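Colleague: target02.txt is reproduced below (compact mmCIF, C-alpha atoms).
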# COMPACT_ATOMS: atom_id res chain seq x y z
CA MET M 28 -33.56 -21.62 -9.10
CA GLU M 29 -36.67 -21.93 -11.23
CA LYS M 30 -39.05 -20.64 -8.54
CA ALA M 31 -36.96 -17.51 -8.05
CA GLN M 32 -37.19 -16.79 -11.78
CA GLN M 33 -40.98 -17.11 -11.63
CA ILE M 34 -41.19 -14.78 -8.63
CA TRP M 35 -38.92 -12.22 -10.29
CA GLU M 36 -40.96 -12.19 -13.48
CA GLY M 37 -44.18 -11.88 -11.47
CA SER M 38 -42.81 -8.91 -9.51
CA LYS M 39 -42.22 -6.96 -12.76
CA GLY M 40 -38.71 -6.07 -11.70
CA ILE M 41 -39.52 -4.72 -8.22
CA ALA M 42 -36.82 -6.18 -6.01
CA GLU M 43 -38.47 -5.49 -2.63
CA GLY M 44 -41.71 -7.15 -3.67
CA ALA M 45 -39.84 -10.15 -5.06
CA THR M 46 -37.89 -10.51 -1.80
CA GLN M 47 -41.13 -10.63 0.22
CA GLU M 48 -42.50 -13.30 -2.10
CA MET M 49 -39.30 -15.29 -1.82
CA ARG M 50 -39.44 -15.20 1.98
CA SER M 51 -43.01 -16.50 1.93
CA TRP M 52 -42.09 -19.26 -0.48
CA PHE M 53 -39.15 -20.43 1.63
CA ARG M 54 -41.44 -20.65 4.67
CA SER M 55 -43.72 -22.93 2.68
CA VAL M 56 -40.92 -25.40 1.87
CA ARG M 57 -39.43 -25.87 5.35
CA HIS M 58 -40.01 -29.60 5.02
CA ASP M 59 -37.54 -29.76 2.11
CA ALA M 60 -34.05 -29.74 3.67
CA GLN M 61 -32.23 -28.86 0.44
CA LEU M 62 -34.45 -25.87 -0.35
CA TRP M 63 -34.61 -24.73 3.28
CA ALA M 64 -30.80 -24.67 3.38
CA LEU M 65 -30.92 -21.91 0.76
CA ARG M 66 -33.36 -19.70 2.70
CA GLU M 67 -30.87 -16.84 3.22
CA TYR M 68 -30.79 -16.35 -0.56
CA LYS M 69 -34.01 -14.34 -0.52
CA HIS M 70 -32.90 -10.98 -1.92
CA PHE M 71 -32.90 -9.88 -5.56
CA THR M 72 -30.47 -7.63 -7.39
CA PRO M 73 -31.89 -5.10 -9.89
CA ARG M 74 -31.03 -7.70 -12.55
CA GLY M 75 -33.14 -10.38 -10.87
CA GLU M 76 -30.23 -12.38 -9.42
CA LEU M 77 -30.83 -14.12 -6.11
CA TYR M 78 -28.39 -13.35 -3.30
CA ARG M 79 -27.85 -13.31 0.45
CA ARG M 80 -26.42 -10.51 2.57
CA SER M 81 -23.09 -11.13 4.29
CA PRO M 82 -22.08 -8.76 7.14
CA LEU M 83 -19.11 -6.50 6.42
CA GLY M 84 -18.52 -5.71 10.08
CA LYS M 85 -16.28 -7.90 12.22
CA PRO M 86 -18.33 -10.20 14.47
CA LYS M 87 -16.66 -9.19 17.73
CA LEU M 88 -14.14 -6.76 19.15
CA ASN M 89 -10.58 -8.06 19.48
CA PRO M 90 -7.95 -5.52 20.63
CA LYS M 91 -5.19 -7.67 19.16
CA ASN M 92 -6.80 -7.67 15.73
CA PRO M 93 -9.06 -4.61 15.43
CA GLY M 94 -11.26 -4.13 12.42
CA PHE M 95 -10.57 -1.54 9.73
CA GLN M 96 -11.76 1.97 10.57
CA TYR M 97 -13.08 4.20 7.77
CA VAL M 98 -16.30 5.94 6.75
CA VAL M 99 -18.10 4.87 3.58
CA VAL M 100 -20.65 6.84 1.59
CA GLY M 101 -23.68 5.18 0.03
CA PRO M 102 -25.15 5.94 -3.41
CA ASP M 103 -27.59 8.42 -1.84
CA GLY M 104 -24.80 10.34 -0.08
CA GLN M 105 -25.47 8.87 3.36
CA GLU M 106 -22.34 8.23 5.43
CA TYR M 107 -21.84 4.95 7.28
CA SER M 108 -19.44 4.84 10.20
CA PRO M 109 -17.70 1.54 10.92
CA PRO M 110 -19.45 -0.80 13.38
CA THR M 111 -17.90 -1.00 16.86
CA PRO M 112 -15.52 -3.89 16.03
CA GLY M 113 -14.65 -2.26 12.67
CA TRP M 114 -15.02 -3.45 9.06
CA ARG M 115 -13.81 -6.89 7.98
CA CYS M 116 -11.96 -5.68 4.89
CA LYS M 117 -9.67 -2.89 3.79
CA PHE M 118 -11.16 0.21 2.15
CA GLU M 119 -9.76 -0.81 -1.24
CA THR M 120 -11.57 -4.14 -1.04
CA PHE M 121 -14.80 -2.43 0.00
CA ALA M 122 -14.51 0.05 -2.89
CA ASP M 123 -13.87 -2.77 -5.36
CA LEU M 124 -16.96 -4.67 -4.18
CA ASP M 125 -19.03 -1.50 -4.52
CA ALA M 126 -17.72 -0.83 -8.03
CA ARG M 127 -18.80 -4.34 -9.05
CA GLY M 128 -22.29 -3.85 -7.60
CA LEU M 129 -21.67 -6.28 -4.75
CA ILE M 130 -22.64 -4.00 -1.85
CA ASP M 131 -26.23 -3.90 -0.59
CA TRP M 132 -26.95 -0.41 0.78
CA ARG M 133 -30.66 -0.87 1.47
CA TYR M 134 -30.59 -1.41 5.24
CA SER M 135 -29.05 0.18 8.34
CA GLN M 136 -25.57 -1.18 7.52
CA PRO M 137 -24.14 -2.05 4.11
CA ALA M 138 -23.55 -5.75 3.47
CA GLN M 139 -21.76 -7.80 0.85
CA VAL M 140 -23.85 -9.35 -1.90
CA LEU M 141 -23.21 -13.11 -2.25
CA LEU M 142 -24.87 -14.34 -5.42
CA LEU M 143 -26.49 -17.76 -5.41
CA THR M 144 -24.85 -18.49 -8.78
CA GLU M 145 -21.41 -18.10 -7.19
CA TYR M 146 -21.96 -19.28 -3.62
CA SER M 147 -23.89 -22.38 -2.62
CA CYS M 148 -24.84 -23.08 0.99
CA GLY M 149 -26.82 -26.22 0.22
CA PRO M 150 -26.14 -29.54 1.93
CA PRO M 151 -22.63 -30.82 1.11
CA ALA M 152 -22.35 -33.40 -1.62
CA ASP M 153 -21.89 -37.03 -0.61
CA VAL M 154 -19.05 -37.54 -3.11
CA PHE M 155 -16.17 -35.17 -3.84
CA THR M 156 -14.23 -35.12 -7.09
CA MET M 157 -11.93 -32.26 -6.10
CA PRO M 158 -8.13 -32.69 -6.22
CA ARG M 159 -6.65 -34.25 -3.08
CA ARG M 160 -3.18 -34.85 -1.71
CA ALA M 161 -1.67 -38.10 -2.92
CA SER M 162 0.50 -38.65 0.17
CA LEU M 163 -2.14 -40.68 2.02
CA PRO M 164 -5.53 -42.19 1.12
CA PHE M 165 -8.80 -40.50 2.09
CA THR M 166 -7.39 -36.98 2.29
CA LYS M 167 -9.99 -34.22 2.42
CA PRO M 168 -10.12 -31.63 -0.40
CA VAL M 169 -8.94 -28.20 0.77
CA LYS M 170 -11.51 -26.41 -1.39
CA ALA M 171 -14.39 -28.20 0.36
CA LEU M 172 -13.12 -27.29 3.83
CA VAL M 173 -12.56 -23.67 2.80
CA HIS M 174 -16.16 -23.55 1.58
CA TRP M 175 -17.67 -25.14 4.70
CA TRP M 176 -15.66 -23.18 7.23
CA GLY M 177 -16.04 -19.97 5.26
CA LEU M 178 -19.76 -20.13 6.03
CA ILE M 179 -19.00 -19.65 9.74
CA ASP M 180 -19.65 -15.97 10.49
CA ASP M 181 -16.71 -15.61 12.88
CA ASP M 182 -13.20 -14.90 11.66
CA HIS M 183 -11.85 -15.81 15.12
CA ALA M 184 -13.41 -19.27 15.18
CA ARG M 185 -11.53 -22.14 16.78
CA ILE M 186 -11.85 -25.21 14.57
CA ILE M 187 -11.26 -28.63 16.15
CA GLU M 188 -10.79 -31.42 13.64
CA PRO M 189 -10.70 -35.06 14.76
CA TYR M 190 -9.09 -37.37 12.22
CA ALA M 191 -6.93 -34.48 11.05
CA GLY M 192 -4.91 -36.64 8.70
CA THR M 193 -2.11 -34.79 6.94
CA GLY M 194 -3.27 -31.33 7.96
CA THR M 195 -5.58 -30.40 5.11
CA GLY M 196 -7.72 -28.51 7.63
CA MET M 197 -4.72 -26.42 8.62
CA ASP M 198 -4.28 -25.48 4.96
CA ALA M 199 -7.93 -24.43 4.76
CA VAL M 200 -7.75 -22.26 7.89
CA ARG M 201 -4.55 -20.62 6.66
CA HIS M 202 -6.21 -19.84 3.32
CA LEU M 203 -9.26 -18.29 5.01
CA ASN M 204 -7.11 -16.14 7.31
CA ASP M 205 -5.00 -14.95 4.37
CA THR M 206 -8.17 -14.04 2.47
CA ASP M 207 -9.91 -11.91 5.12
CA GLN M 208 -7.13 -11.22 7.68
CA GLY M 209 -8.98 -13.44 10.15
CA GLN M 210 -7.53 -15.00 13.31
CA ARG M 211 -9.04 -18.49 13.12
CA THR M 212 -7.18 -21.24 14.95
CA TRP M 213 -7.04 -24.93 14.13
CA LEU M 214 -6.56 -27.91 16.43
CA GLY M 215 -6.05 -31.24 14.73
CA ILE M 216 -6.36 -34.63 16.42
CA GLU M 217 -4.67 -37.61 14.75
CA LEU M 218 -3.34 -40.95 16.04
CA ASP M 219 -1.90 -42.42 12.85
CA PRO M 220 1.91 -41.95 12.96
CA LYS M 221 2.19 -41.64 9.17
CA SER M 222 -0.33 -38.80 9.09
CA VAL M 223 1.31 -37.00 12.03
CA LYS M 224 4.71 -37.27 10.35
CA ALA M 225 3.32 -35.80 7.12
CA THR M 226 1.69 -32.93 9.01
CA ALA M 227 4.93 -32.16 10.86
CA GLY M 228 6.55 -31.35 7.54
CA TYR M 229 4.60 -28.10 7.19
Any chance you could give the structure as structure tokens?

Modeller:
Amino acid sequence: MEKAQQIWEGSKGIAEGATQEMRSWFRSVRHDAQLWALREYKHFTPRGELYRRSPLGKPKLNPKNPGFQYVVVGPDGQEYSPPTPGWRCKFETFADLDARGLIDWRYSQPAQVLLLTEYSCGPPADVFTMPRRASLPFTKPVKALVHWWGLIDDDHARIIEPYAGTGTGMDAVRHLNDTDQGQRTWLGIELDPKSVKATAGY
């Protein structure tokens, strides 16, 4: 984002100052839906990369699927106990993110760094060119659904999909759950017998 680059250069490499400027700028462009959709990407890494913070704690307590329990130590030696529901990821995953500089330790709880260059939360495109199943026309691309539903900050979300087709949404939910050990559920609604028959083959 060109404006972010200008703000970073003007801040002379001071991330906190650049973040404040970025917040102010986003407030000034609320009328622009595409820019406003990116408003969570207001933080800067020490290298000047724009990112948003993603919580590492589970969103709610679930006795059947408790979060991971371990203590982590920040760069300054401060210890962080797990939030009440526990961490979302295993310790090895947390350590790997930290080793790659993808943990933000600056606030009361550490959070994952999601770089704007790798994650886009802008309005979905009108046309998709991603690979689709060839079994039926108009199938939805799994990658697009994984991206959209991955933005929901609840790994126990119940996703209801009218026009479920051949079950692409079920694939997407299964992929998300495998990735973060979530417990999302999927309910598909479909009347076309051909689509229902194809879904039943899973």

Colleague: Would you work out the distance separating atom CA of Arg54 of chain M from atom CA of Arg133 of chain M, expressed in Å to one decimal?

Modeller: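 Atom-to-atom, atom CA of Arg54 of chain M and atom CA of Arg133 of chain M are spaced 22.8 Å apart.
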
Colleague: List as a ChimeraX atom specification: which residues have an atom within 8 Å of (-27.8, -9.2, 3.1), counting all atoms listed in the file?

Modeller: /M:70,78-82,131,138-140

Colleague: Go through M:Glu67, M:Ala60, M:Asp198, M:Thr120 and flag the residue nearest Leu178 of chain M, using only C-alpha atoms for the distances.

Modeller: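 Distance minimum relative to Leu178 of chain M lands on M:Glu67.
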
Colleague: Neighbourhood query: residues within 12 Å of (-6.7, -22.2, 6.4), file coordinates, counting all atoms listed in the file; return as number ranges by chain.

Modeller: M: 169-177, 182-186, 194-214

Colleague: What would the file look like if the residues just selected were written as an mmCIF file, in the frame of the given file with C-alpha atoms?

Modeller:
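Printed below is result32.cif as written:
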data_model
loop_
_atom_site.group_PDB
_atom_site.id
_atom_site.type_symbol
_atom_site.label_atom_id
_atom_site.label_comp_id
_atom_site.auth_asym_id
_atom_site.auth_seq_id
_atom_site.Cartn_x
_atom_site.Cartn_y
_atom_site.Cartn_z
ATOM 1 C CA VAL M 169 -8.940 -28.200 0.770
ATOM 2 C CA LYS M 170 -11.510 -26.410 -1.390
ATOM 3 C CA ALA M 171 -14.390 -28.200 0.360
ATOM 4 C CA LEU M 172 -13.120 -27.290 3.830
ATOM 5 C CA VAL M 173 -12.560 -23.670 2.800
ATOM 6 C CA HIS M 174 -16.160 -23.550 1.580
ATOM 7 C CA TRP M 175 -17.670 -25.140 4.700
ATOM 8 C CA TRP M 176 -15.660 -23.180 7.230
ATOM 9 C CA GLY M 177 -16.040 -19.970 5.260
ATOM 10 C CA ASP M 182 -13.200 -14.900 11.660
ATOM 11 C CA HIS M 183 -11.850 -15.810 15.120
ATOM 12 C CA ALA M 184 -13.410 -19.270 15.180
ATOM 13 C CA ARG M 185 -11.530 -22.140 16.780
ATOM 14 C CA ILE M 186 -11.850 -25.210 14.570
ATOM 15 C CA GLY M 194 -3.270 -31.330 7.960
ATOM 16 C CA THR M 195 -5.580 -30.400 5.110
ATOM 17 C CA GLY M 196 -7.720 -28.510 7.630
ATOM 18 C CA MET M 197 -4.720 -26.420 8.620
ATOM 19 C CA ASP M 198 -4.280 -25.480 4.960
ATOM 20 C CA ALA M 199 -7.930 -24.430 4.760
ATOM 21 C CA VAL M 200 -7.750 -22.260 7.890
ATOM 22 C CA ARG M 201 -4.550 -20.620 6.660
ATOM 23 C CA HIS M 202 -6.210 -19.840 3.320
ATOM 24 C CA LEU M 203 -9.260 -18.290 5.010
ATOM 25 C CA ASN M 204 -7.110 -16.140 7.310
ATOM 26 C CA ASP M 205 -5.000 -14.950 4.370
ATOM 27 C CA THR M 206 -8.170 -14.040 2.470
ATOM 28 C CA ASP M 207 -9.910 -11.910 5.120
ATOM 29 C CA GLN M 208 -7.130 -11.220 7.680
ATOM 30 C CA GLY M 209 -8.980 -13.440 10.150
ATOM 31 C CA GLN M 210 -7.530 -15.000 13.310
ATOM 32 C CA ARG M 211 -9.040 -18.490 13.120
ATOM 33 C CA THR M 212 -7.180 -21.240 14.950
ATOM 34 C CA TRP M 213 -7.040 -24.930 14.130
ATOM 35 C CA LEU M 214 -6.560 -27.910 16.430
#

Colleague: For Glu119 of chain M, which residue among M:Trp52, M:Leu65, M:Glu76, M:Val99 is the nearest when counting only C-alpha atoms?

Modeller: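 Looking only at the distances to Glu119 of chain M, the closest residue turns out to be M:Val99.
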
Colleague: Which is closest to Ala31 of chain M among M:Ala122, M:Ile179, M:Leu143, M:Ile130, if we use all atoms listed in the file?

Modeller: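 Checking each of M:Ala122, M:Ile179, M:Leu143, M:Ile130 against Ala31 of chain M, counting all atoms listed in the file, the winner is M:Leu143.
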
Colleague: Since fewer atoms than expected are present, regenerate N, CA and C atoms for segment 100-114 of chain M and write them as an mmCIF file, in the coordinates of the input.

Modeller:
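Resulting contents of selection08.cif:
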data_model
loop_
_atom_site.group_PDB
_atom_site.id
_atom_site.type_symbol
_atom_site.label_atom_id
_atom_site.label_comp_id
_atom_site.auth_asym_id
_atom_site.auth_seq_id
_atom_site.Cartn_x
_atom_site.Cartn_y
_atom_site.Cartn_z
ATOM 1 N N VAL M 100 -19.514 6.014 2.019
ATOM 2 C CA VAL M 100 -20.650 6.840 1.590
ATOM 3 C C VAL M 100 -21.485 6.044 0.600
ATOM 4 N N GLY M 101 -22.773 5.919 0.888
ATOM 5 C CA GLY M 101 -23.680 5.180 0.030
ATOM 6 C C GLY M 101 -24.047 5.934 -1.227
ATOM 7 N N PRO M 102 -24.763 5.306 -2.146
ATOM 8 C CA PRO M 102 -25.150 5.940 -3.410
ATOM 9 C C PRO M 102 -25.995 7.192 -3.230
ATOM 10 N N ASP M 103 -26.727 7.265 -2.097
ATOM 11 C CA ASP M 103 -27.590 8.420 -1.840
ATOM 12 C C ASP M 103 -26.872 9.519 -1.055
ATOM 13 N N GLY M 104 -25.563 9.332 -0.819
ATOM 14 C CA GLY M 104 -24.800 10.340 -0.080
ATOM 15 C C GLY M 104 -24.753 10.125 1.409
ATOM 16 N N GLN M 105 -25.473 9.130 1.924
ATOM 17 C CA GLN M 105 -25.470 8.870 3.360
ATOM 18 C C GLN M 105 -24.135 8.263 3.783
ATOM 19 N N GLU M 106 -23.607 8.753 4.908
ATOM 20 C CA GLU M 106 -22.340 8.230 5.430
ATOM 21 C C GLU M 106 -22.608 7.102 6.421
ATOM 22 N N TYR M 107 -21.737 6.087 6.371
ATOM 23 C CA TYR M 107 -21.840 4.950 7.280
ATOM 24 C C TYR M 107 -20.533 4.822 8.049
ATOM 25 N N SER M 108 -20.615 5.022 9.360
ATOM 26 C CA SER M 108 -19.440 4.840 10.200
ATOM 27 C C SER M 108 -19.192 3.357 10.398
ATOM 28 N N PRO M 109 -17.977 2.969 10.713
ATOM 29 C CA PRO M 109 -17.700 1.540 10.920
ATOM 30 C C PRO M 109 -18.427 1.031 12.160
ATOM 31 N N PRO M 110 -18.866 -0.218 12.160
ATOM 32 C CA PRO M 110 -19.450 -0.800 13.380
ATOM 33 C C PRO M 110 -18.394 -0.827 14.482
ATOM 34 N N THR M 111 -18.817 -1.063 15.712
ATOM 35 C CA THR M 111 -17.900 -1.000 16.860
ATOM 36 C C THR M 111 -16.644 -1.851 16.675
ATOM 37 N N PRO M 112 -16.754 -3.109 16.213
ATOM 38 C CA PRO M 112 -15.520 -3.890 16.030
ATOM 39 C C PRO M 112 -14.722 -3.475 14.785
ATOM 40 N N GLY M 113 -15.319 -2.654 13.909
ATOM 41 C CA GLY M 113 -14.650 -2.260 12.670
ATOM 42 C C GLY M 113 -15.121 -3.099 11.482
ATOM 43 N N TRP M 114 -14.684 -2.707 10.275
ATOM 44 C CA TRP M 114 -15.020 -3.450 9.060
ATOM 45 C C TRP M 114 -14.114 -4.672 8.934
#
